[in-house]
$ cat run_13.tsv   # TSV, C-alpha atoms
chain	number	residue	atom	x	y	z
E	283	MET	CA	8.22	18.07	106.70
E	284	LEU	CA	5.35	15.60	106.42
E	285	THR	CA	2.28	16.84	108.23
E	286	TYR	CA	-1.34	15.70	108.23
E	287	GLN	CA	-2.15	18.61	105.94
E	288	SER	CA	0.83	18.31	103.60
E	289	ILE	CA	-0.64	15.69	101.25
E	290	ASP	CA	-4.26	16.42	100.50
E	291	SER	CA	-5.52	12.89	100.20
E	292	LEU	CA	-7.80	10.85	102.42
E	293	TRP	CA	-5.34	7.93	102.33
E	294	TRP	CA	-2.39	9.96	103.49
E	295	GLN	CA	-4.43	11.31	106.39
E	296	PHE	CA	-5.61	7.80	107.29
E	297	ALA	CA	-1.98	6.64	107.23
E	298	PHE	CA	-1.00	9.61	109.41
E	299	ILE	CA	-3.61	8.65	112.01
E	300	LEU	CA	-2.64	4.98	111.92
E	301	ILE	CA	1.09	5.65	112.30
E	302	ALA	CA	1.00	8.54	114.79
E	303	GLY	CA	-2.06	7.25	116.65
E	304	TRP	CA	-2.51	3.53	116.35
E	305	ILE	CA	1.09	2.31	116.18
E	306	ALA	CA	2.24	4.88	118.77
E	307	THR	CA	-0.23	3.49	121.33
E	308	ASP	CA	-0.31	-0.21	120.46
E	309	ILE	CA	3.47	-0.71	120.62
E	310	TRP	CA	3.15	-0.22	124.39
E	311	ARG	CA	0.28	-2.68	124.62
E	312	VAL	CA	2.21	-5.29	122.60
E	313	PHE	CA	5.30	-4.93	124.82
E	314	GLY	CA	2.97	-5.14	127.82
E	315	VAL	CA	1.61	-8.51	126.71
E	316	LEU	CA	5.08	-9.89	125.93
E	317	LEU	CA	6.41	-8.77	129.33
E	318	GLY	CA	3.30	-9.61	131.35
E	319	ASN	CA	3.20	-13.09	129.82
E	320	ARG	CA	6.47	-13.96	131.55
E	321	ILE	CA	5.44	-12.78	135.00
E	322	ASP	CA	3.73	-15.00	137.57
E	323	GLU	CA	0.45	-13.66	138.93
E	324	ASN	CA	1.76	-13.60	142.49
E	325	ALA	CA	5.18	-12.17	141.68
E	326	GLU	CA	6.30	-9.33	143.92
E	327	ILE	CA	7.28	-7.21	140.91
E	328	LEU	CA	3.59	-6.94	139.98
E	329	VAL	CA	2.93	-4.94	143.16
E	330	LEU	CA	5.48	-2.41	141.93
E	331	VAL	CA	4.06	-2.46	138.39
E	332	ARG	CA	0.55	-1.85	139.77
E	333	ALA	CA	1.86	1.03	141.88
E	334	ILE	CA	3.49	2.61	138.80
E	335	ALA	CA	0.35	2.12	136.68
E	336	THR	CA	-1.77	3.65	139.44
E	337	ALA	CA	0.55	6.65	139.88
E	338	LEU	CA	0.48	7.20	136.09
E	339	VAL	CA	-3.32	7.29	136.07
E	340	ALA	CA	-3.27	9.65	139.07
E	341	ALA	CA	-0.92	11.96	137.18
E	342	VAL	CA	-3.33	11.91	134.21
E	343	ILE	CA	-6.18	12.80	136.59
E	344	ALA	CA	-4.20	15.74	137.94
E	345	GLN	CA	-3.47	16.92	134.41
E	346	LEU	CA	-7.13	16.65	133.38
E	347	VAL	CA	-8.04	18.89	136.34
E	348	ILE	CA	-5.20	21.41	136.22
E	349	ALA	CA	-4.62	21.71	132.48
E	350	PRO	CA	-7.61	20.28	130.58
E	351	GLY	CA	-8.25	21.04	126.94
E	352	GLY	CA	-11.12	22.72	125.13
E	353	SER	CA	-14.34	23.85	126.75
E	354	LEU	CA	-13.49	22.78	130.29
E	355	ALA	CA	-10.49	25.10	130.37
E	356	ALA	CA	-12.46	27.91	128.74
E	357	GLU	CA	-15.50	27.74	131.03
E	358	THR	CA	-13.97	27.14	134.46
E	359	THR	CA	-11.07	28.34	136.60
E	360	VAL	CA	-8.45	25.94	137.90
E	361	TRP	CA	-9.46	26.67	141.51
E	362	LEU	CA	-13.09	25.78	140.82
E	363	ARG	CA	-12.02	22.50	139.24
E	364	ILE	CA	-9.75	21.63	142.17
E	365	ALA	CA	-12.46	22.55	144.70
E	366	ALA	CA	-15.08	20.52	142.84
E	367	ILE	CA	-12.97	17.37	142.58
E	368	ALA	CA	-11.93	17.73	146.25
E	369	VAL	CA	-15.58	17.97	147.32
E	370	GLY	CA	-16.48	14.97	145.15
E	371	PHE	CA	-13.67	12.86	146.56
E	372	ALA	CA	-14.51	13.88	150.14
E	373	VAL	CA	-18.15	12.89	149.62
E	374	TYR	CA	-16.97	9.56	148.21
E	375	LEU	CA	-14.60	8.93	151.14
E	376	PHE	CA	-16.58	10.20	154.11
E	377	VAL	CA	-20.27	10.42	153.20
E	378	ALA	CA	-21.23	7.62	150.86
E	379	ARG	CA	-18.75	5.00	149.67
E	380	GLN	CA	-20.32	5.14	146.21
E	381	VAL	CA	-18.46	6.37	143.14
E	382	PHE	CA	-21.72	7.78	141.80
E	383	ALA	CA	-22.21	9.96	144.91
E	384	GLY	CA	-18.72	11.41	144.52
E	385	VAL	CA	-19.20	12.16	140.83
E	386	LEU	CA	-22.61	13.75	141.46
E	387	ALA	CA	-21.26	16.00	144.23
E	388	ALA	CA	-18.32	17.13	142.09
E	389	VAL	CA	-20.49	17.89	139.07
E	390	CYS	CA	-23.02	19.85	141.19
E	391	MET	CA	-20.18	21.88	142.67
E	392	LEU	CA	-18.72	22.56	139.22
E	393	ALA	CA	-22.09	23.56	137.75
E	394	ALA	CA	-22.87	25.80	140.72
E	395	GLY	CA	-19.46	27.41	140.44
E	396	MET	CA	-19.90	28.03	136.70
E	397	ALA	CA	-23.33	29.54	137.35
E	398	ALA	CA	-21.78	31.81	139.99
E	399	GLY	CA	-19.15	32.91	137.51
E	400	PHE	CA	-16.01	31.18	138.83
S	1004	MET	CA	-9.07	-15.77	145.20
S	1005	ASN	CA	-10.43	-17.27	142.02
S	1006	GLN	CA	-13.79	-18.23	143.45
S	1007	PRO	CA	-16.56	-17.57	140.94
S	1008	SER	CA	-19.40	-15.44	142.21
S	1009	ASP	CA	-22.62	-17.32	143.05
S	1010	ASN	CA	-24.63	-16.32	140.01
S	1011	GLY	CA	-21.87	-17.21	137.57
S	1012	ALA	CA	-20.87	-20.60	138.97
S	1013	GLY	CA	-20.77	-23.38	136.40
S	1014	LYS	CA	-21.54	-21.07	133.48
S	1015	GLY	CA	-19.65	-21.28	130.21
S	1016	THR	CA	-17.85	-18.96	127.84
S	1017	ARG	CA	-21.01	-17.55	126.30
S	1018	TYR	CA	-22.34	-16.52	129.72
S	1019	TRP	CA	-19.17	-14.60	130.51
S	1020	VAL	CA	-18.97	-12.91	127.11
S	1021	VAL	CA	-22.52	-11.67	127.64
S	1022	ALA	CA	-21.73	-10.71	131.25
S	1023	GLY	CA	-18.86	-8.62	129.89
S	1024	MET	CA	-21.04	-7.03	127.22
S	1025	ARG	CA	-23.57	-6.08	129.88
S	1026	GLN	CA	-20.88	-4.10	131.69
S	1027	VAL	CA	-21.30	-1.56	128.89
S	1028	ILE	CA	-24.36	-0.44	130.83
S	1029	SER	CA	-22.50	0.57	133.96
S	1030	LEU	CA	-21.17	3.67	135.64
S	1031	PRO	CA	-17.61	3.37	134.29
S	1032	ALA	CA	-18.90	2.94	130.73
S	1033	ALA	CA	-21.33	5.85	131.15
S	1034	MET	CA	-18.51	8.11	132.36
S	1035	LEU	CA	-16.34	7.15	129.42
S	1036	MET	CA	-19.17	7.75	126.96
S	1037	ALA	CA	-19.74	11.19	128.45
S	1038	ALA	CA	-16.07	11.93	127.87
S	1039	PHE	CA	-16.37	10.66	124.28
S	1040	VAL	CA	-19.25	13.09	123.68
S	1041	GLY	CA	-16.80	15.80	124.74
S	1042	PHE	CA	-14.11	14.38	122.46
S	1043	ALA	CA	-16.43	14.19	119.46
S	1044	SER	CA	-17.33	17.84	119.82
S	1045	TYR	CA	-13.66	18.80	120.28
S	1046	ALA	CA	-12.63	16.86	117.16
S	1047	ARG	CA	-15.45	18.46	115.18
S	1048	GLU	CA	-14.44	21.93	116.32
S	1049	SER	CA	-10.93	21.06	115.09
S	1050	GLY	CA	-12.31	20.42	111.62
S	1051	LEU	CA	-11.47	16.73	111.34
S	1052	PRO	CA	-13.70	14.72	108.99
S	1053	LEU	CA	-16.08	12.23	110.62
S	1054	ALA	CA	-14.37	9.18	109.11
S	1055	HIS	CA	-11.08	10.19	110.74
S	1056	VAL	CA	-12.69	10.71	114.13
S	1057	MET	CA	-14.27	7.25	113.95
S	1058	LEU	CA	-10.99	5.71	112.77
S	1059	MET	CA	-9.18	7.27	115.73
S	1060	THR	CA	-11.79	6.07	118.18
S	1061	GLY	CA	-11.45	2.48	117.02
S	1062	PHE	CA	-7.69	2.34	116.46
S	1063	VAL	CA	-6.19	4.63	119.08
S	1064	TRP	CA	-8.91	4.07	121.66
S	1065	ALA	CA	-7.10	5.61	124.67
S	1066	LEU	CA	-8.78	8.99	125.12
S	1067	PRO	CA	-5.82	11.09	126.33
S	1068	ALA	CA	-3.77	9.83	123.36
S	1069	LYS	CA	-6.52	10.98	120.99
S	1070	PHE	CA	-6.57	14.47	122.49
S	1071	VAL	CA	-2.80	14.61	122.00
S	1072	LEU	CA	-3.13	13.38	118.39
S	1073	VAL	CA	-5.82	15.91	117.48
S	1074	ALA	CA	-3.80	18.69	119.09
S	1075	ALA	CA	-0.73	17.63	117.08
S	1076	ILE	CA	-2.76	17.58	113.84
S	1077	ASN	CA	-4.16	21.04	114.64
S	1078	ALA	CA	-0.68	22.37	115.29
S	1079	GLY	CA	0.50	21.06	111.90
S	1080	ALA	CA	3.03	18.78	113.57
S	1081	SER	CA	5.18	16.49	111.43
S	1082	LEU	CA	4.48	12.77	111.42
S	1083	LEU	CA	7.52	12.13	113.62
S	1084	THR	CA	6.57	14.84	116.12
S	1085	ALA	CA	3.00	13.61	116.35
S	1086	PHE	CA	4.17	10.01	116.72
S	1087	SER	CA	6.58	10.95	119.52
S	1088	ALA	CA	4.01	13.04	121.39
S	1089	VAL	CA	1.40	10.28	121.27
S	1090	ALA	CA	3.89	7.51	122.10
S	1091	LEU	CA	5.24	9.46	125.07
S	1092	SER	CA	1.78	10.17	126.43
S	1093	SER	CA	0.82	6.50	126.08
S	1094	ALA	CA	3.70	4.80	127.87
S	1095	ARG	CA	1.36	4.31	130.83
S	1096	LEU	CA	-0.38	1.60	128.79
S	1097	LEU	CA	2.65	-0.67	129.26
S	1098	PRO	CA	2.43	-1.12	133.06
S	1099	MET	CA	-1.37	-1.37	132.81
S	1100	VAL	CA	-1.14	-4.27	130.37
S	1101	VAL	CA	1.71	-5.88	132.34
S	1102	ALA	CA	-0.48	-5.74	135.48
S	1103	MET	CA	-3.52	-7.19	133.71
S	1104	VAL	CA	-2.06	-10.02	131.62
S	1105	PRO	CA	-0.98	-12.32	134.49
S	1106	GLU	CA	-4.54	-12.15	135.86
S	1107	MET	CA	-6.14	-12.89	132.48
S	1108	ARG	CA	-4.08	-15.68	131.01
S	1109	THR	CA	-4.25	-19.39	131.71
S	1110	ALA	CA	-1.84	-22.12	130.62
S	1111	LYS	CA	-3.96	-22.48	127.49
S	1112	SER	CA	-4.18	-18.79	126.55
S	1113	ARG	CA	-2.84	-18.05	123.12
S	1114	THR	CA	-0.59	-15.04	122.79
S	1115	TRP	CA	-2.44	-13.64	119.76
S	1116	VAL	CA	-5.67	-13.55	121.78
S	1117	LEU	CA	-3.94	-11.58	124.53
S	1118	LEU	CA	-2.37	-9.27	121.93
S	1119	PHE	CA	-5.77	-8.64	120.35
S	1120	LEU	CA	-7.42	-7.96	123.72
S	1121	SER	CA	-4.58	-5.68	124.81
S	1122	HIS	CA	-5.60	-3.21	122.11
S	1123	PHE	CA	-8.66	-2.37	124.20
S	1124	VAL	CA	-6.70	-1.60	127.35
S	1125	ALA	CA	-7.05	2.00	128.47
S	1126	ILE	CA	-7.79	3.57	131.83
S	1127	THR	CA	-11.47	2.52	131.94
S	1128	ALA	CA	-10.75	-1.08	130.96
S	1129	PHE	CA	-7.94	-1.22	133.52
S	1130	VAL	CA	-10.15	0.09	136.32
S	1131	VAL	CA	-13.04	-2.24	135.42
S	1132	ALA	CA	-10.74	-5.27	135.12
S	1133	MET	CA	-9.07	-4.57	138.47
S	1134	ALA	CA	-12.46	-4.20	140.13
S	1135	ARG	CA	-14.32	-7.10	138.48
S	1136	PHE	CA	-11.79	-9.85	137.70
S	1137	ARG	CA	-12.06	-11.26	141.22
S	1138	ASP	CA	-15.69	-12.21	140.49
S	1139	VAL	CA	-14.87	-13.92	137.18
S	1140	PRO	CA	-13.44	-17.46	137.11
S	1141	ARG	CA	-9.94	-17.34	135.70
S	1142	GLN	CA	-10.56	-19.37	132.54
S	1143	TYR	CA	-13.35	-16.97	131.54
S	1144	ARG	CA	-11.59	-13.67	132.19
S	1145	THR	CA	-10.47	-13.27	128.56
S	1146	ALA	CA	-14.07	-13.96	127.44
S	1147	PHE	CA	-15.45	-11.47	129.97
S	1148	PHE	CA	-12.91	-8.81	129.06
S	1149	GLY	CA	-13.34	-9.39	125.32
S	1150	GLY	CA	-17.12	-9.06	125.59
S	1151	PHE	CA	-16.81	-5.88	127.58
S	1152	ALA	CA	-13.99	-4.21	125.70
S	1153	CYS	CA	-15.14	-4.91	122.13
S	1154	THR	CA	-18.70	-3.79	122.90
S	1155	LEU	CA	-17.47	-0.66	124.66
S	1156	THR	CA	-15.21	0.34	121.77
S	1157	ALA	CA	-17.87	-0.39	119.13
S	1158	SER	CA	-20.47	1.58	121.13
S	1159	ASN	CA	-18.17	4.57	121.34
S	1160	VAL	CA	-17.41	4.52	117.60
S	1161	VAL	CA	-21.17	4.70	117.02
S	1162	LEU	CA	-21.61	7.32	119.74
S	1163	VAL	CA	-18.89	9.53	118.28
S	1164	ALA	CA	-20.56	9.33	114.86
S	1165	LEU	CA	-23.96	10.20	116.33
S	1166	VAL	CA	-22.66	13.16	118.32
S	1167	TYR	CA	-20.63	14.42	115.37
S	1168	THR	CA	-23.63	14.33	113.00
S	1169	LEU	CA	-26.59	15.09	115.24
S	1170	ALA	CA	-25.30	17.50	117.84
S	1171	PRO	CA	-22.79	19.70	116.10
S	1172	VAL	CA	-23.12	22.58	118.52
S	1173	LEU	CA	-23.31	21.46	122.13
S	1174	PRO	CA	-23.41	24.25	124.71
S	1175	THR	CA	-19.82	24.74	125.90
S	1176	LYS	CA	-20.87	24.63	129.56
S	1177	LEU	CA	-22.37	21.17	129.01
S	1178	VAL	CA	-19.22	19.97	127.27
S	1179	ALA	CA	-17.20	21.34	130.20
S	1180	VAL	CA	-19.24	19.29	132.66
S	1181	LEU	CA	-18.95	16.16	130.48
S	1182	LEU	CA	-15.18	16.52	130.28
S	1183	PHE	CA	-15.01	16.97	134.05
S	1184	LEU	CA	-16.75	13.63	134.73
S	1185	THR	CA	-13.70	11.62	133.68
S	1186	PRO	CA	-11.14	12.81	136.27
S	1187	VAL	CA	-13.65	12.65	139.13
S	1188	TYR	CA	-14.77	9.19	138.13
S	1189	PHE	CA	-11.19	7.91	137.75
S	1190	LEU	CA	-10.21	9.35	141.13
S	1191	CYS	CA	-13.02	7.71	143.11
S	1192	SER	CA	-12.98	4.35	141.35
S	1193	LEU	CA	-9.21	4.02	141.30
S	1194	TRP	CA	-9.15	4.58	145.07
S	1195	GLY	CA	-11.84	1.94	145.53
S	1196	SER	CA	-10.16	-0.67	143.34
S	1197	ALA	CA	-6.64	-0.33	144.82
S	1198	ARG	CA	-5.45	-3.79	145.82
S	1199	GLU	CA	-3.03	-2.83	148.54
S	1200	ARG	CA	-1.88	0.15	150.60
S	1201	SER	CA	0.86	0.92	148.11
S	1202	GLY	CA	-1.86	1.45	145.47
S	1203	GLN	CA	-3.50	4.26	147.42
S	1204	ALA	CA	-0.11	5.74	148.31
S	1205	ALA	CA	0.78	5.62	144.60
S	1206	MET	CA	-2.37	7.60	143.80
S	1207	ILE	CA	-1.46	10.35	146.25
S	1208	PHE	CA	2.12	10.52	144.94
S	1209	GLY	CA	0.90	10.59	141.34
S	1210	LEU	CA	-1.58	13.40	142.04
S	1211	ALA	CA	1.10	15.48	143.74
S	1212	LEU	CA	4.03	14.73	141.44
S	1213	GLY	CA	2.12	15.06	138.14
S	1214	PRO	CA	1.65	18.84	138.37
S	1215	LEU	CA	5.11	19.26	139.92
S	1216	PHE	CA	6.86	17.48	137.04
S	1217	ALA	CA	4.63	19.35	134.57
S	1218	VAL	CA	6.52	22.48	135.64
S	1219	VAL	CA	9.96	20.89	135.85
S	1220	ALA	CA	9.83	18.56	132.83
S	1221	PRO	CA	6.82	19.25	130.62
S	1222	GLY	CA	6.19	16.50	128.09
S	1223	MET	CA	7.68	13.84	130.36
S	1224	SER	CA	5.61	14.70	133.44
S	1225	ILE	CA	3.11	11.82	133.39
S	1226	LEU	CA	5.77	9.22	132.82
S	1227	LEU	CA	8.08	10.63	135.50
S	1228	ALA	CA	5.27	11.02	138.03
S	1229	GLY	CA	4.27	7.40	137.42
S	1230	VAL	CA	7.72	5.86	137.75
S	1231	VAL	CA	8.89	8.06	140.65
S	1232	GLY	CA	5.51	8.12	142.44
S	1233	GLY	CA	4.92	4.39	141.99
S	1234	GLY	CA	8.47	3.60	143.12
S	1235	LEU	CA	8.15	5.78	146.23
S	1236	ALA	CA	4.79	4.25	147.12
S	1237	TYR	CA	6.12	0.73	146.69
S	1238	GLY	CA	9.30	1.44	148.67
S	1239	GLY	CA	7.37	3.22	151.40
S	1240	ALA	CA	4.91	0.35	151.79
S	1241	LYS	CA	7.84	-2.11	151.99
S	1242	LEU	CA	9.49	-0.03	154.73
S	1243	VAL	CA	6.28	0.17	156.76
S	1244	ALA	CA	5.73	-3.57	156.40
S	1245	ALA	CA	9.32	-4.32	157.45
S	1246	ARG	CA	8.99	-2.11	160.51
S	1247	LYS	CA	5.75	-3.83	161.53
S	1248	ALA	CA	7.29	-7.27	161.09
S	1249	ARG	CA	10.08	-6.43	163.52
S	1250	PRO	CA	9.41	-7.72	167.06
$ encode --input "run_13.tsv" --output "structure tokens"
Amino acid sequence: MLTYQSIDSLWWQFAFILIAGWIATDIWRVFGVLLGNRIDENAEILVLVRAIATALVAAVIAQLVIAPGGSLAAETTVWLRIAAIAVGFAVYLFVARQVFAGVLAAVCMLAAGMAAGF
Amino acid sequence: MNQPSDNGAGKGTRYWVVAGMRQVISLPAAMLMAAFVGFASYARESGLPLAHVMLMTGFVWALPAKFVLVAAINAGASLLTAFSAVALSSARLLPMVVAMVPEMRTAKSRTWVLLFLSHFVAITAFVVAMARFRDVPRQYRTAFFGGFACTLTASNVVLVALVYTLAPVLPTKLVAVLLFLTPVYFLCSLWGSARERSGQAAMIFGLALGPLFAVVAPGMSILLAGVVGGGLAYGGAKLVAARKARP
């Protein structure tokens, strides 16, 4: 089995990153250009494509909140993270229609919660 | 729809490249950089050499894909396993690029230029493009996006190197806050840049279905939530519109 560690050479590890990282992401981008190039800007299908792209990003957001990696998972509970992002989004929607205000509110809530031991 | 904004009217390619570069000093770029500080410290903790972390930043670029790649390397995954995990987690790039390309190209656009620019597409670039393209005249959108995306990527390669070398031990609570900026920022700005009702409905479906599918079909959850959630949002918006159109 070929792993990143199995050949102890800089070049093998570079190749590993390029194949498993670069090619694995850029194939989607290349297909995206080839497909998108054939679609008219006002085509109805683009509304569906935008909806799918948006739902995908939303699912990534949910994952970053519910199951993040590293220090965020170690330092906070899932309920604190959900509460903080909910507060931030509510401030954005109902208080000030500024992304910065929402982010600031969420971060304050998260920091306060961490300080309080949640 | 393609009206240039007042300050950019009549300006040429160079103006729009610089306008794009200046977007690097903006809230979206700041949020992404904060997340990259978190990534650099995570990659360092994982024991990856600096050169590899910089290589990943430039070549993979999409941040979630890099977290998946580092996790696969840590787990001693085989090349095929790592490739599959990263490819699966990156399928969302396809609809993003498909949505962006028709708004960027003109009759004269060369495919290789679009292919080159597509490398820089990730969530931040998608959100910025959707929000800003309406202020950029169509023939300069590739210049604007190229200026923005190349500068943003280059800045983050440098940033990652700086964080890796200069700040080896960041307090974990600070890293936690930095990593939390990304989802909050994406949530608010994605809502604001949605073009139509179905976009906001798609967000709600994606947020709800992501965690649900994570339980039912882990590994495929993002992809499933996107296709099912996006499809439901689109179909729902069509139904509502049809009902309204009826006399």
$ closest_residue --input "run_13.tsv" --among "E:Thr358, E:Ile309, E:Ala341, E:Tyr374" --to "S:Leu1177" --atoms "only C-alpha atoms"
E:Thr358
$ residues_near_point --input "run_13.tsv" --point "(-2.4, 14.8, 138.5)" --cutoff "7 Å" --atoms "all atoms listed in the file" --output "PyMOL selection string"
(chain E and resi 340-345) or (chain S and resi 1209-1211+1213-1214)
$ residues_around --input "run_13.tsv" --residues "E:Gly370" --least-positions-apart "6" --cutoff "12 Å" --atoms "all atoms listed in the file" --output "PyMOL selection string"
(chain E and resi 363-364+376-392) or (chain S and resi 1183-1184+1186-1192)
$ atom_distance --input "run_13.tsv" --atom1 "atom CA of S:Ser1081" --atom2 "atom CA of S:Val1166"
28.9 Å
$ closest_residue --input "run_13.tsv" --among "E:Ala337, E:Ala297, E:Ala393, E:Gly351" --to "chain S" --atoms "all atoms listed in the file"
E:Ala337
$ closest_residue --input "run_13.tsv" --among "S:Gly1232, S:Arg1095, S:Ala1157, S:Ala1085" --to "S:Phe1070" --atoms "only C-alpha atoms"
S:Ala1085
$ interface_residues --input "run_13.tsv" --of "chain E" --to "chain S" --cutoff "7 Å" --atoms "only C-alpha atoms" --output "number ranges by chain"
E: 283-287, 296, 298-299, 301-304, 306-308, 310-315, 317-319, 321-323, 328, 330-338, 340-347, 352-354, 357, 367, 371, 374, 381, 384-385, 389
$ atom_distance --input "run_13.tsv" --atom1 "atom CA of E:Pro350" --atom2 "atom CA of S:Leu1066"
12.6 Å
$ atom_distance --input "run_13.tsv" --atom1 "atom CA of E:Leu300" --atom2 "atom CA of S:Val1131"
26.7 Å
$ axis_aligned_box --input "run_13.tsv" --around "stretch 1086-1104 of chain S" --padding-each-side "3 Å" --output "lines of an AutoDock Vina configuration file"
center_x = 1.5
center_y = 1.5
center_z = 126.1
size_x = 16.1
size_y = 29.1
size_z = 24.8
$ residues_around --input "run_13.tsv" --residues "stretch 1011-1027 of chain S" --least-positions-apart "6" --cutoff "8 Å" --atoms "all atoms listed in the file" --output "PyMOL selection string"
chain S and resi 1033+1139+1143-1144+1146-1152+1154-1155
$ build_atoms --input "run_13.tsv" --residues "stretch 1205-1225 of chain S" --atoms "N, CA and C atoms" --output "tab-separated table (two decimals), keeping the file's coordinate frame"
chain	number	residue	atom	x	y	z
S	1205	ALA	N	0.36	5.28	145.96
S	1205	ALA	CA	0.78	5.62	144.60
S	1205	ALA	C	-0.13	6.69	144.00
S	1206	MET	N	-1.43	6.59	144.30
S	1206	MET	CA	-2.37	7.60	143.80
S	1206	MET	C	-2.01	8.98	144.33
S	1207	ILE	N	-1.76	9.05	145.65
S	1207	ILE	CA	-1.46	10.35	146.25
S	1207	ILE	C	-0.16	10.92	145.67
S	1208	PHE	N	0.86	10.06	145.54
S	1208	PHE	CA	2.12	10.52	144.94
S	1208	PHE	C	1.91	10.98	143.50
S	1209	GLY	N	1.13	10.22	142.73
S	1209	GLY	CA	0.90	10.59	141.34
S	1209	GLY	C	0.18	11.93	141.21
S	1210	LEU	N	-0.83	12.14	142.08
S	1210	LEU	CA	-1.58	13.40	142.04
S	1210	LEU	C	-0.68	14.58	142.37
S	1211	ALA	N	0.23	14.38	143.32
S	1211	ALA	CA	1.10	15.48	143.74
S	1211	ALA	C	2.24	15.70	142.76
S	1212	LEU	N	2.83	14.60	142.28
S	1212	LEU	CA	4.03	14.73	141.44
S	1212	LEU	C	3.69	15.11	140.00
S	1213	GLY	N	2.49	14.73	139.52
S	1213	GLY	CA	2.12	15.06	138.14
S	1213	GLY	C	2.26	16.55	137.85
S	1214	PRO	N	1.54	17.41	138.61
S	1214	PRO	CA	1.65	18.84	138.37
S	1214	PRO	C	3.05	19.39	138.63
S	1215	LEU	N	3.76	18.80	139.61
S	1215	LEU	CA	5.11	19.26	139.92
S	1215	LEU	C	6.03	19.01	138.72
S	1216	PHE	N	6.01	17.79	138.19
S	1216	PHE	CA	6.86	17.48	137.04
S	1216	PHE	C	6.41	18.22	135.78
S	1217	ALA	N	5.11	18.59	135.73
S	1217	ALA	CA	4.63	19.35	134.57
S	1217	ALA	C	5.36	20.69	134.47
S	1218	VAL	N	5.78	21.23	135.63
S	1218	VAL	CA	6.52	22.48	135.64
S	1218	VAL	C	7.99	22.22	135.33
S	1219	VAL	N	8.54	21.17	135.97
S	1219	VAL	CA	9.96	20.89	135.85
S	1219	VAL	C	10.31	20.27	134.49
S	1220	ALA	N	9.52	19.29	134.07
S	1220	ALA	CA	9.83	18.56	132.83
S	1220	ALA	C	8.58	18.34	132.00
S	1221	PRO	N	8.04	19.42	131.40
S	1221	PRO	CA	6.82	19.25	130.62
S	1221	PRO	C	7.05	18.28	129.47
S	1222	GLY	N	6.03	17.49	129.15
S	1222	GLY	CA	6.19	16.50	128.09
S	1222	GLY	C	6.51	15.13	128.65
S	1223	MET	N	7.31	15.11	129.74
S	1223	MET	CA	7.68	13.84	130.36
S	1223	MET	C	6.95	13.66	131.70
S	1224	SER	N	6.08	14.63	132.05
S	1224	SER	CA	5.61	14.70	133.44
S	1224	SER	C	4.83	13.48	133.88
S	1225	ILE	N	3.94	12.97	133.00
S	1225	ILE	CA	3.11	11.82	133.39
S	1225	ILE	C	3.98	10.60	133.65
